[in-house]
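**Student:** Quick one, my_file.cif (mmCIF, C-alpha atoms):
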```cif
data_coords
loop_
_atom_site.label_atom_id
_atom_site.label_comp_id
_atom_site.auth_asym_id
_atom_site.auth_seq_id
_atom_site.Cartn_x
_atom_site.Cartn_y
_atom_site.Cartn_z
CA MET G 210 103.43 67.90 109.23
CA THR G 211 105.74 70.39 107.52
CA TRP G 212 104.85 74.01 107.98
CA HIS G 213 104.61 76.23 104.89
CA PRO G 214 103.95 79.96 105.07
CA THR G 215 100.72 81.05 103.40
CA ASP G 216 100.76 83.67 100.64
CA ASP G 217 99.48 86.22 103.14
CA GLU G 218 102.32 85.41 105.51
CA LEU G 219 104.75 85.90 102.64
CA ILE G 220 103.20 89.31 101.96
CA LEU G 221 103.73 90.25 105.63
CA HIS G 222 107.28 88.94 105.30
CA PHE G 223 107.87 91.16 102.26
CA TYR G 224 106.77 94.19 104.24
CA GLY G 225 108.69 93.18 107.35
CA GLU G 226 105.49 92.86 109.37
CA ASP G 227 106.28 89.38 110.62
CA ALA G 228 108.83 90.14 113.31
CA GLN G 229 108.04 86.95 115.23
CA ASP G 230 108.20 84.66 112.22
CA GLU G 231 110.80 86.41 110.14
CA ARG G 232 113.64 84.00 110.82
CA ARG G 233 111.38 81.00 110.54
CA VAL G 234 110.11 82.13 107.12
CA ASP G 235 113.65 82.91 105.92
CA GLU G 236 114.89 79.49 106.96
CA HIS G 237 111.94 77.81 105.33
CA LEU G 238 112.48 79.68 102.06
CA HIS G 239 116.02 78.32 101.96
CA SER G 240 114.81 74.77 102.11
CA CYS G 241 111.47 74.74 100.24
CA SER G 242 111.58 75.41 96.51
CA THR G 243 107.79 75.63 96.13
CA CYS G 244 107.48 78.38 98.72
CA ARG G 245 110.58 80.03 97.29
CA ASP G 246 108.91 80.18 93.86
CA THR G 247 105.86 81.82 95.39
CA TRP G 248 108.08 84.21 97.33
CA VAL G 249 109.99 85.16 94.16
CA GLU G 250 106.72 85.72 92.32
CA ILE G 251 105.24 87.88 95.11
CA SER G 252 108.36 89.94 95.63
CA GLU G 253 108.95 90.45 91.90
CA THR G 254 105.36 91.59 91.45
CA LEU G 255 105.65 94.04 94.32
CA LYS G 256 108.99 95.33 93.04
CA MET G 257 107.35 95.80 89.67
CA VAL G 258 104.81 98.03 91.41
CA ASP G 259 107.74 100.01 92.77
CA VAL G 260 109.13 101.02 89.41
CA ALA G 261 105.82 102.31 88.10
CA ALA G 262 106.20 106.02 87.53
CA ILE G 263 103.38 108.54 87.62
CA PRO G 264 103.14 111.68 85.52
CA GLU G 265 104.44 114.74 87.30
CA PRO G 266 102.18 117.78 87.27
CA ALA G 267 103.31 120.66 85.08
CA ASP G 268 105.57 123.46 86.26
CA GLY G 269 103.63 126.04 88.19
CA PHE G 270 101.36 123.39 89.67
CA GLU G 271 101.80 124.79 93.17
CA ARG G 272 100.79 128.29 92.07
CA VAL G 273 97.69 127.02 90.27
CA MET G 274 96.78 124.81 93.21
CA TRP G 275 97.13 127.66 95.67
CA ALA G 276 94.78 129.77 93.50
CA ARG G 277 92.22 126.95 93.54
CA VAL G 278 92.58 126.34 97.26
CA GLN G 279 92.42 130.02 98.11
CA ARG G 280 89.14 130.41 96.20
CA SER G 281 87.61 127.58 98.21
CA LEU G 282 88.77 128.63 101.66
CA PRO G 283 86.01 129.55 104.09
CA GLU G 284 85.96 132.98 105.65
CA ARG G 285 87.84 133.03 108.90
CA SER G 286 85.50 133.43 111.81
CA ALA G 287 86.18 136.24 114.21
CA ALA G 288 85.74 133.84 117.08
CA ARG G 289 88.82 131.94 116.04
CA ALA G 290 91.22 134.72 116.82
CA TRP G 291 90.84 134.62 120.59
CA TRP G 292 92.56 131.33 121.18
CA ALA G 293 95.44 131.97 118.85
CA PRO G 294 96.35 135.63 119.02
CA ARG G 295 99.14 136.68 116.73
CA TRP G 296 101.45 137.45 119.64
CA LEU G 297 101.50 133.78 120.52
CA VAL G 298 102.65 132.78 117.09
CA PRO G 299 106.36 133.49 117.32
CA ALA G 300 106.47 131.59 120.61
CA ALA G 301 104.51 128.68 119.15
CA GLY G 302 106.69 128.60 116.06
CA PHE G 303 109.82 128.71 118.15
CA ALA G 304 108.54 125.97 120.45
CA ALA G 305 107.67 123.82 117.44
CA LEU G 306 111.12 124.39 115.98
CA VAL G 307 112.76 123.36 119.23
CA VAL G 308 110.56 120.28 119.57
CA ALA G 309 111.14 119.30 115.96
CA THR G 310 114.87 119.79 116.26
CA VAL G 311 115.27 118.00 119.56
CA VAL G 312 112.86 115.16 119.03
CA GLY G 313 113.48 114.83 115.30
CA VAL G 314 110.15 113.16 114.78
CA ASN G 315 109.99 111.35 111.50
CA TYR G 316 106.88 109.31 111.81
CA TRP G 317 106.03 109.34 108.12
CA PRO G 318 108.57 109.47 105.31
CA ALA G 319 108.55 112.94 103.79
CA ALA G 320 108.77 111.64 100.26
CA PRO G 321 107.37 108.50 98.70
CA THR G 322 109.91 105.75 98.35
CA THR G 323 108.96 105.18 94.74
CA PRO G 324 111.36 106.62 92.25
CA GLN G 325 109.55 108.85 89.79
CA SER G 326 111.86 108.04 86.89
CA PRO G 327 113.03 104.47 87.27
CA SER G 328 116.51 103.76 86.10
CA THR G 329 117.26 100.88 83.78
CA ALA G 330 119.04 99.14 86.64
CA GLU G 331 115.98 99.40 88.85
CA ILE G 332 113.74 98.05 86.12
CA ALA G 333 116.09 95.18 85.50
CA LYS G 334 116.25 94.45 89.21
CA ALA G 335 112.49 94.39 89.46
CA SER G 336 111.79 92.24 86.49
CA ASN G 337 114.67 89.79 86.18
CA GLY G 338 113.84 86.62 87.97
CA THR G 339 114.70 83.00 87.74
CA ALA G 340 114.71 81.44 84.28
CA TRP G 341 111.20 80.06 83.80
CA THR G 342 110.12 77.30 81.46
CA PRO G 343 106.63 77.51 79.85
CA ALA G 344 105.45 74.73 82.17
CA ALA G 345 106.77 76.55 85.22
CA LEU G 346 105.07 79.72 84.01
CA ALA G 347 101.75 77.96 83.61
CA LYS G 348 102.15 76.51 87.08
CA ALA G 349 102.96 79.92 88.51
CA ARG G 350 99.89 81.39 86.79
CA GLU G 351 97.72 78.67 88.25
CA ARG G 352 99.20 79.17 91.71
CA VAL G 353 98.52 82.90 91.61
CA LEU G 354 94.97 82.40 90.43
CA LEU G 355 94.25 79.73 93.04
CA ALA G 356 95.64 81.91 95.82
CA ALA G 357 93.44 84.80 94.71
CA ALA G 358 90.35 82.68 94.16
CA GLY G 359 90.88 80.85 97.46
CA GLY G 360 90.91 84.14 99.35
CA HIS G 361 87.91 85.27 97.35
CA PHE G 362 85.78 82.26 98.27
CA GLU G 363 86.86 82.45 101.92
CA GLN G 364 85.79 86.05 102.09
CA ALA G 365 82.51 85.28 100.35
CA GLU G 366 81.91 82.55 102.91
CA MET G 367 82.56 85.01 105.72
CA VAL G 368 79.98 87.43 104.26
CA LEU G 369 77.39 84.72 103.85
CA VAL G 370 77.97 83.37 107.36
CA GLU G 371 77.63 86.91 108.78
CA LEU G 372 74.41 87.28 106.85
CA MET G 373 72.99 83.98 108.01
CA ASN G 374 73.86 84.81 111.63
CA ALA G 375 72.84 88.47 111.59
CA GLU G 376 70.45 89.37 114.36
CA ASP G 377 66.92 89.16 113.12
CA GLY G 378 65.68 92.08 115.16
CA GLY G 379 63.38 93.99 112.83
CA GLN G 380 65.73 96.38 111.00
CA THR G 381 69.04 94.62 110.43
CA ASN G 382 72.00 96.70 109.30
CA LEU G 383 73.72 94.91 106.41
CA TRP G 384 76.11 97.70 105.46
CA PHE G 385 79.23 95.58 105.90
CA GLU G 386 77.85 92.56 104.04
CA ARG G 387 76.52 94.74 101.23
CA GLU G 388 79.76 96.68 100.75
CA THR G 389 81.95 93.59 100.92
CA ALA G 390 79.72 91.73 98.47
CA GLY G 391 80.00 94.67 96.06
CA ASP G 392 83.80 94.56 96.30
CA LEU G 393 83.77 90.81 95.79
CA VAL G 394 81.66 91.12 92.64
CA THR G 395 84.28 93.36 91.05
CA ALA G 396 87.19 91.18 92.13
CA GLY G 397 85.38 87.98 91.11
CA ARG G 398 85.01 89.25 87.54
CA LEU G 399 88.75 89.74 87.26
CA TYR G 400 89.43 86.25 88.61
CA ARG G 401 86.78 84.70 86.35
CA GLU G 402 88.29 86.26 83.23
CA THR G 403 91.74 85.13 84.30
CA ALA G 404 90.43 81.61 84.95
CA ARG G 405 88.92 81.53 81.46
CA GLN G 406 92.16 82.63 79.91
CA ASN G 407 94.06 80.01 81.87
CA GLY G 408 91.63 77.40 80.51
CA ASP G 409 90.15 76.77 83.95
CA ALA G 410 86.50 76.58 82.89
CA HIS G 411 85.43 74.87 86.12
CA LEU G 412 86.73 77.63 88.36
CA ALA G 413 85.29 80.25 86.00
CA MET G 414 81.88 78.60 86.33
CA MET G 415 82.12 78.49 90.15
CA LEU G 416 82.99 82.18 90.21
CA ASP G 417 80.06 82.86 87.90
CA ASP G 418 77.66 81.03 90.24
CA LEU G 419 78.97 82.88 93.26
CA GLU G 420 78.58 86.23 91.52
CA ALA G 421 74.81 85.83 91.24
CA ILE G 422 74.29 85.68 95.01
CA LEU G 423 76.90 88.33 95.69
CA ILE G 424 75.10 90.72 93.35
CA GLU G 425 71.89 90.03 95.22
CA VAL G 426 73.55 90.78 98.58
CA SER G 427 75.22 93.90 97.21
CA HIS G 428 71.84 95.19 96.04
CA THR G 429 70.06 94.75 99.36
CA PRO G 430 69.21 97.97 101.19
CA GLU G 431 71.52 98.95 104.04
CA LYS G 432 68.82 98.14 106.55
CA VAL G 433 66.51 95.27 105.85
CA GLY G 434 63.30 94.23 107.53
CA ARG G 435 62.74 90.81 109.04
CA GLN G 436 60.84 89.53 106.00
CA ASP G 437 63.47 90.58 103.45
CA LEU G 438 66.25 89.12 105.55
CA ARG G 439 64.42 85.84 105.83
CA SER G 440 63.82 85.60 102.11
CA LEU G 441 67.49 86.35 101.38
CA ARG G 442 68.52 83.64 103.82
CA ALA G 443 65.99 81.26 102.31
CA ARG G 444 67.51 81.85 98.89
CA ILE G 445 71.00 81.12 100.23
CA ASP G 446 69.70 78.01 101.96
CA HIS G 447 67.66 76.80 99.03
CA ASP G 448 70.56 77.00 96.60
CA SER G 449 72.95 75.51 99.19
CA VAL G 450 75.22 78.45 98.44
CA LEU G 451 77.25 78.18 101.64
CA PHE G 452 77.78 74.50 101.13
CA LYS G 453 78.94 75.07 97.56
CA VAL G 454 81.27 77.89 98.59
CA ARG G 455 82.87 75.70 101.24
CA ALA G 456 83.19 72.84 98.76
CA VAL G 457 84.94 75.08 96.25
CA SER G 458 87.24 76.44 98.97
CA ASN G 459 88.21 72.89 99.89
CA GLU G 460 88.69 72.01 96.26
CA ILE G 461 90.97 75.00 95.77
CA ARG G 462 92.99 74.11 98.86
CA GLU G 463 93.33 70.56 97.53
CA ARG G 464 94.51 71.83 94.17
CA GLN G 465 97.00 74.11 95.90
CA ARG G 466 98.34 71.17 97.89
CA THR G 467 98.68 69.03 94.75
CA LEU G 468 100.41 71.87 92.96
CA SER G 469 102.89 72.32 95.76
CA THR G 470 103.86 68.65 95.77
CA GLU G 471 104.34 68.42 92.00
CA MET H 95 107.96 117.56 112.00
CA HIS H 96 109.95 119.64 109.57
CA PRO H 97 110.82 122.94 111.28
CA GLU H 98 109.41 124.95 108.34
CA ASP H 99 106.13 123.07 108.65
CA ALA H 100 105.97 123.71 112.38
CA ALA H 101 106.40 127.42 111.97
CA ALA H 102 104.01 127.63 109.02
CA VAL H 103 101.34 125.63 110.84
CA ALA H 104 101.62 127.88 113.88
CA LEU H 105 101.26 131.01 111.76
CA ALA H 106 98.44 129.57 109.64
CA ARG H 107 96.54 128.64 112.77
CA ALA H 108 96.74 132.24 113.81
CA GLY H 109 95.15 133.36 110.56
CA ASP H 110 98.15 133.96 108.31
CA ASP H 111 97.09 132.78 104.85
CA GLU H 112 100.55 133.32 103.39
CA ALA H 113 101.85 130.77 105.89
CA PHE H 114 99.18 128.36 104.73
CA ARG H 115 100.33 128.94 101.17
CA VAL H 116 103.81 127.78 102.23
CA LEU H 117 102.26 124.47 103.29
CA VAL H 118 100.40 124.16 99.98
CA ASP H 119 103.59 124.91 98.03
CA ARG H 120 105.59 122.47 100.05
CA HIS H 121 103.24 119.51 100.02
CA SER H 122 100.88 119.76 97.06
CA ARG H 123 103.05 117.64 94.74
CA SER H 124 103.35 114.77 97.16
CA ILE H 125 99.59 114.87 97.78
CA TYR H 126 99.08 114.94 94.01
CA ARG H 127 101.09 111.72 93.63
CA LEU H 128 99.06 110.04 96.33
CA ALA H 129 95.82 111.31 94.78
CA TYR H 130 96.83 110.25 91.28
CA ARG H 131 97.53 106.73 92.46
CA MET H 132 94.21 106.69 94.24
CA THR H 133 92.06 108.12 91.44
CA GLY H 134 94.05 107.28 88.31
CA ARG H 135 93.16 110.55 86.60
CA PRO H 136 95.08 113.83 86.67
CA GLU H 137 91.99 116.02 86.84
CA ASP H 138 90.55 113.96 89.71
CA ALA H 139 93.89 114.04 91.49
CA GLU H 140 93.89 117.83 91.28
CA ASP H 141 90.39 117.98 92.77
CA VAL H 142 91.52 115.73 95.62
CA VAL H 143 94.57 117.92 96.31
CA GLN H 144 92.36 120.99 96.44
CA GLU H 145 89.83 119.37 98.75
CA THR H 146 92.60 118.02 100.98
CA PHE H 147 94.03 121.47 101.61
CA VAL H 148 90.59 122.96 102.16
CA ARG H 149 89.92 120.31 104.81
CA VAL H 150 93.33 120.86 106.34
CA TYR H 151 92.60 124.57 106.57
CA LYS H 152 89.27 123.95 108.28
CA GLN H 153 90.80 121.47 110.71
CA LEU H 154 94.02 123.30 111.57
CA GLY H 155 92.62 124.11 114.99
CA ARG H 156 92.40 120.39 115.74
CA PHE H 157 95.96 119.62 114.69
CA GLU H 158 98.18 118.73 117.61
CA SER H 159 101.53 120.46 117.36
CA ARG H 160 103.32 117.43 118.74
CA SER H 161 102.22 115.39 115.72
CA ASN H 162 103.89 115.26 112.36
CA PHE H 163 102.18 117.58 109.90
CA ALA H 164 102.99 115.42 106.87
CA THR H 165 101.46 112.37 108.58
CA TRP H 166 98.31 114.27 109.39
CA LEU H 167 98.15 115.72 105.87
CA TYR H 168 98.55 112.31 104.21
CA ARG H 169 95.85 110.91 106.41
CA ILE H 170 93.44 113.65 105.32
CA GLY H 171 94.57 113.22 101.70
CA PHE H 172 93.80 109.51 101.68
CA ASN H 173 90.42 110.03 103.30
CA CYS H 174 89.56 112.81 100.81
CA ALA H 175 90.48 110.50 97.94
CA ILE H 176 88.31 107.72 99.37
CA ASP H 177 85.36 110.11 99.76
CA TYR H 178 85.91 111.44 96.25
CA MET H 179 85.90 107.96 94.76
CA ARG H 180 82.84 106.92 96.71
CA ALA H 181 81.03 109.97 95.44
CA ARG H 182 81.47 108.89 91.82
CA PRO H 183 80.37 105.26 91.97
CA HIS H 184 78.77 105.06 88.52
CA ARG H 185 81.67 106.53 86.63
CA GLU H 186 84.06 104.43 88.67
CA SER H 187 82.29 101.12 88.19
CA ALA H 188 81.77 101.61 84.46
CA GLU H 189 85.44 102.34 83.95
CA THR H 190 86.53 99.63 86.31
CA HIS H 191 84.82 97.03 84.17
CA GLU H 192 86.47 98.32 81.03
CA ARG H 193 89.78 98.21 82.74
CA LEU H 194 89.26 94.75 84.11
CA ASP H 195 88.60 93.55 80.58
CA GLN H 196 91.79 95.17 79.45
CA LEU H 197 93.67 93.72 82.35
CA SER H 198 92.65 90.22 81.61
CA ALA H 199 93.38 90.48 77.90
CA PRO H 200 96.60 88.69 76.96
CA ALA H 201 99.47 91.11 77.22
CA SER H 202 101.39 91.85 74.09
CA VAL H 203 105.02 91.00 74.46
CA PRO H 204 106.68 94.26 75.35
CA ALA H 205 109.61 95.58 73.40
CA SER H 206 112.93 94.67 74.85
CA ASP H 207 113.74 98.28 75.60
CA ASP H 208 113.55 98.70 79.36
CA LEU H 209 112.05 102.16 79.20
CA VAL H 210 109.21 100.95 77.01
CA PHE H 211 108.69 98.15 79.49
CA ALA H 212 108.72 100.64 82.35
CA GLY H 213 105.96 102.57 80.60
CA GLU H 214 103.98 99.38 80.23
CA ILE H 215 104.48 98.55 83.90
CA SER H 216 103.28 101.99 84.92
CA GLY H 217 100.13 101.70 82.84
CA ARG H 218 99.35 98.23 84.13
CA VAL H 219 100.04 99.12 87.74
CA GLN H 220 97.67 102.06 87.52
CA GLN H 221 95.04 99.89 85.83
CA ALA H 222 95.46 97.30 88.54
CA LEU H 223 95.15 99.98 91.22
CA ASN H 224 91.97 101.16 89.54
CA GLY H 225 90.59 97.66 89.95
CA LEU H 226 90.92 97.87 93.75
CA THR H 227 88.24 99.23 96.04
CA PRO H 228 89.01 102.65 97.53
CA GLN H 229 89.77 101.08 100.89
CA GLU H 230 92.06 98.42 99.45
CA ARG H 231 93.78 101.01 97.33
CA ALA H 232 94.38 103.37 100.24
CA ALA H 233 95.61 100.60 102.54
CA PHE H 234 97.94 99.20 99.87
CA LEU H 235 99.35 102.59 98.88
CA MET H 236 99.96 103.56 102.50
CA ARG H 237 101.77 100.31 103.17
CA HIS H 238 103.61 99.99 99.89
CA TYR H 239 104.56 103.53 98.89
CA HIS H 240 104.54 105.34 102.19
CA GLY H 241 105.96 102.61 104.38
CA CYS H 242 103.17 102.86 106.96
CA SER H 243 102.85 99.97 109.33
CA ILE H 244 99.57 98.06 109.42
CA GLU H 245 98.78 99.77 112.75
CA GLU H 246 99.25 103.17 111.13
CA VAL H 247 97.11 102.17 108.15
CA SER H 248 94.32 100.98 110.39
CA SER H 249 94.41 104.12 112.50
CA ALA H 250 94.44 106.44 109.47
CA LEU H 251 91.56 104.66 107.75
CA GLY H 252 89.57 103.99 110.90
CA LEU H 253 89.76 100.23 110.43
CA ARG H 254 90.48 97.40 112.78
CA SER H 255 94.01 96.09 112.39
CA ASN H 256 92.76 92.84 110.91
CA ALA H 257 90.60 94.64 108.37
CA ALA H 258 93.55 96.80 107.30
CA LYS H 259 95.70 93.71 106.95
CA HIS H 260 93.10 91.93 104.86
CA SER H 261 92.61 94.98 102.64
CA ILE H 262 96.34 94.83 101.90
CA PHE H 263 96.20 91.07 101.26
CA ARG H 264 93.30 91.45 98.84
CA ALA H 265 95.05 94.31 97.08
CA VAL H 266 98.24 92.29 96.65
CA ARG H 267 96.28 89.29 95.39
CA LYS H 268 94.62 91.45 92.75
CA MET H 269 97.91 93.08 91.81
CA ARG H 270 99.47 89.65 91.35
CA VAL H 271 96.69 88.52 89.04
CA ALA H 272 96.70 91.78 87.10
CA LEU H 273 100.47 91.95 86.66
CA GLN H 274 101.03 88.27 85.97
CA PRO H 275 100.67 88.57 82.15
CA LEU H 276 103.23 91.34 82.07
CA ARG H 277 105.57 89.39 84.27
CA ASP H 278 105.15 86.31 82.09
CA ALA H 279 105.80 88.31 78.96
CA ARG H 280 108.92 89.79 80.51
CA VAL H 281 110.19 86.43 81.64
CA GLU H 282 109.51 84.90 78.23
CA THR H 283 111.45 87.60 76.44
CA THR H 284 114.40 87.39 78.83
CA SER H 285 114.64 83.59 79.04
#
```
Written as structure tokens, how would this file's structure read?
**Tutor:**
Amino acid sequence: MTWHPTDDELILHFYGEDAQDERRVDEHLHSCSTCRDTWVEISETLKMVDVAAIPEPADGFERVMWARVQRSLPERSAARAWWAPRWLVPAAGFAALVVATVVGVNYWPAAPTTPQSPSTAEIAKASNGTAWTPAALAKARERVLLAAAGGHFEQAEMVLVELMNAEDGGQTNLWFERETAGDLVTAGRLYRETARQNGDAHLAMMLDDLEAILIEVSHTPEKVGRQDLRSLRARIDHDSVLFKVRAVSNEIRERQRTLSTE
Amino acid sequence: MHPEDAAAVALARAGDDEAFRVLVDRHSRSIYRLAYRMTGRPEDAEDVVQETFVRVYKQLGRFESRSNFATWLYRIGFNCAIDYMRARPHRESAETHERLDQLSAPASVPASDDLVFAGEISGRVQQALNGLTPQERAAFLMRHYHGCSIEEVSSALGLRSNAAKHSIFRAVRKMRVALQPLRDARVETTS
């Protein structure tokens, strides 16, 4: 069976976080046009993010900020002085200078890599891709949506499985499930609207159904008693939510496979 | 660490507020950019910058001189921004929904002028960032704009490596969906 990198693997590839697979992915992208299309779409999107400028604060920002910070600074405690007497400072500063000079630590880039005022060339580089036909565009749109929705359903499944398997020991902590469900509700709305606009009413409906249970999970208290947990599980069981989520995930994977062979 | 930072940190730790001011002067703009991308609003970004430096001041005693000051500062900045956003859930969620509606509306075909298009990209990117959860946003920004490795992201945000990775994946997925109409429009006008 031919190996194809997943979208997530292509994201790691974009960021150079796939040291072990880098060559393998590169070689594959040379030979597989479907994966190459996805790669072009991912990298163009991320380059588009690069050229986004942000407004610079006005001149004198540093002065105003210092005034604000200074007003909020706590009083120095007298106790603090003993461990860092002023006579140690020149020595500490000198030592730091020597260390910095010799070691030349540069763990974090000093300035963001994003240009603040993108040049025309940079914009053109970020946005000029392959020539796309309307059909290819529609296909690309569908591929992006399916990738996003696929991940969404997989994550929802993970939350529901965690919930079904959570220890039923009196006061169960559902912080993780609750927070993740809340995030998924927000993301699901974006995907649902996109599905509607793409004319994918079926997927929009599935996302709608999933949202109902996710909202319920996101509204549960952080710690739930045995009875509440059981009734939440009963609701998931009764509506066969997990089964439906898995079925939709499979369906999405199938659609992705069909799309990649077209 | 930048030699000026090293000296200023050493002096500030000893109680020299003017030395601390040097650090504020030197780094407040870069923290503002980070905070703006995180919060999406200039006034919120300014609050985050202020809170970041107040926290830095309080924690200077815990800073290890062998570390890089900018790294440590960014880490505190991201965590301040996350706390700030979590503290305003109602405002955030109401606006997020508005923005999501805008995001999914069909994009108007941008003018062919590249600078106009750049402006449109900037607006959309910020809207898309606003649609991410604070954790996804922080993880994505650290990876994308600051070049942090996934290990560094996970350590800064107190996440497991896998969770950091998946936050980035989810963020990129959402960015792809949000920016697709703009990309389509651009491709249609250029082809």
**Student:** Counting only C-alpha atoms, what is within 12 Å of Ala349 (chain G), bar same-chain residues fewer than 5 positions away, as a ChimeraX atom specification?
**Tutor:** /G:243-251,341-344,354-356,407,465,468-469 /H:270-271,274-275,277-278,281
**Student:** So that I can see what lies close to Val454 (chain G), please list as number ranges by chain the residues with an atom at most 8 Å from it, counting all atoms listed in the file and leaving out residues fewer than 2 positions away in the same chain.
**Tutor:** G: 362-363, 365-366, 419, 450-452, 456-458
**Student:** Name the residues captured by the PyMOL selection byres ((chain H and resi 247-259) around 8) when it is applied to the shown file; answer as JSON, numbers by chain.
**Tutor:** {"H": [169, 173, 229, 233, 236, 237, 242, 243, 244, 245, 246, 260, 261, 262, 263]}
**Student:** List, as a list in words, every residue that the PyMOL selection byres ((chain G and resi 267-276) around 10) selects in the file provided.
**Tutor:**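 Selected by the PyMOL selection byres ((chain G and resi 267-276) around 10) here: Pro264, Glu265, Pro266, Arg277, Val278, Gln279, Arg280 and Ser281 of chain G; Phe114, Arg115, Val116, Leu117, Val118, Asp119, Arg120, His121, Ser122, Arg123, Tyr126, Glu140, Asp141, Val143, Gln144 and Phe147 of chain H.
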**Student:** Written as a list of chain:residue names, which residues does the PyMOL selection byres ((chain H and resi 231) around 10) give for the file shown?
**Tutor:**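 Evaluating the PyMOL selection byres ((chain H and resi 231) around 10) on this file yields H:Arg131, H:Met132, H:Thr133, H:Phe172, H:Ile176, H:Ala222, H:Leu223, H:Asn224, H:Gly225, H:Leu226, H:Thr227, H:Pro228, H:Gln229, H:Glu230, H:Ala232, H:Ala233, H:Phe234, H:Leu235, H:Met236, H:Arg237, H:Ser261, H:Ile262, H:Arg264, H:Ala265, H:Val266.
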**Student:** One decimal, Å: what's the distance from CA of His222 (chain G) over to CA of Asp235 (chain G), could you say?
**Tutor:** 8.8 Å
**Student:** Grab the CA of Asp230 (chain G) to CA of Leu346 (chain G) distance for me, in Å with one decimal place.
**Tutor:**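 Those two atoms sit 28.8 Å apart.
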**Student:** Fewer than 5 positions away in the same chain doesn't count, so skip those; otherwise give me all residues within 10 Å of Thr381 (chain G), counting only C-alpha atoms, as a ChimeraX atom specification.
**Tutor:** /G:372,375-376,430-435,437-438
**Student:** Store the residues picked out above in a file with C-alpha atoms, as a short mmCIF file (atom, residue, chain, number, x, y, z; two decimals), keeping the file's coordinate frame.
**Tutor:**
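Final output, saved to out.cif:
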```
data_model
loop_
_atom_site.label_atom_id
_atom_site.label_comp_id
_atom_site.auth_asym_id
_atom_site.auth_seq_id
_atom_site.Cartn_x
_atom_site.Cartn_y
_atom_site.Cartn_z
CA LEU G 372 74.41 87.28 106.85
CA ALA G 375 72.84 88.47 111.59
CA GLU G 376 70.45 89.37 114.36
CA PRO G 430 69.21 97.97 101.19
CA GLU G 431 71.52 98.95 104.04
CA LYS G 432 68.82 98.14 106.55
CA VAL G 433 66.51 95.27 105.85
CA GLY G 434 63.30 94.23 107.53
CA ARG G 435 62.74 90.81 109.04
CA ASP G 437 63.47 90.58 103.45
CA LEU G 438 66.25 89.12 105.55
#
```
**Student:** Using all atoms listed in the file, can you tell me which of H:Ser161, H:Ile125, H:Gln153, H:Ser216 comes closest to Ala175 (chain H)?
**Tutor:** H:Ile125
**Student:** How far is it from CA of Ser124 (chain H) to CA of Tyr168 (chain H), in Å with one decimal?
**Tutor:**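 Between CA of Ser124 (chain H) and CA of Tyr168 (chain H) the gap is 8.9 Å.
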**Student:** Tell me, as an NGL selection string, which residues lie within 6 Å of Ala261 (chain G), counting only C-alpha atoms; anything in the same chain fewer than 2 positions away does not count.
**Tutor:** (:G and (258-259)) or (:H and (215-216))
**Student:** Taking into account all atoms listed in the file, which residue in the set H:Ala104, H:Ala129, H:Ala279, H:Leu154 is nearest to chain G?
**Tutor:** H:Ala104
**Student:** Which of these, G:Glu231, G:Glu351, G:Asp377, G:Glu460, has the shortest distance to chain H once you count only C-alpha atoms?
**Tutor:**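 Checking each of G:Glu231, G:Glu351, G:Asp377, G:Glu460 against chain H, counting only C-alpha atoms, the winner is G:Glu351.
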**Student:** Determine the nearest neighbour of Gly217 (chain H) from the options H:Ala101, H:Met179, H:Ala272, H:Ile170, counting only C-alpha atoms.
**Tutor:**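 Once distances to Gly217 (chain H) are computed over only C-alpha atoms, the minimum belongs to H:Ala272.
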**Student:** Could you name the residues that touch Val368 (chain G) at 9 Å or less, counting all atoms listed in the file, but leaving out those on the same chain fewer than 5 positions away, as a list in words?
**Tutor:**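 Near Val368 (chain G), the qualifying residues are Glu363, Met373, Phe385, Glu386, Arg387, Thr389 and Ala390 of chain G.
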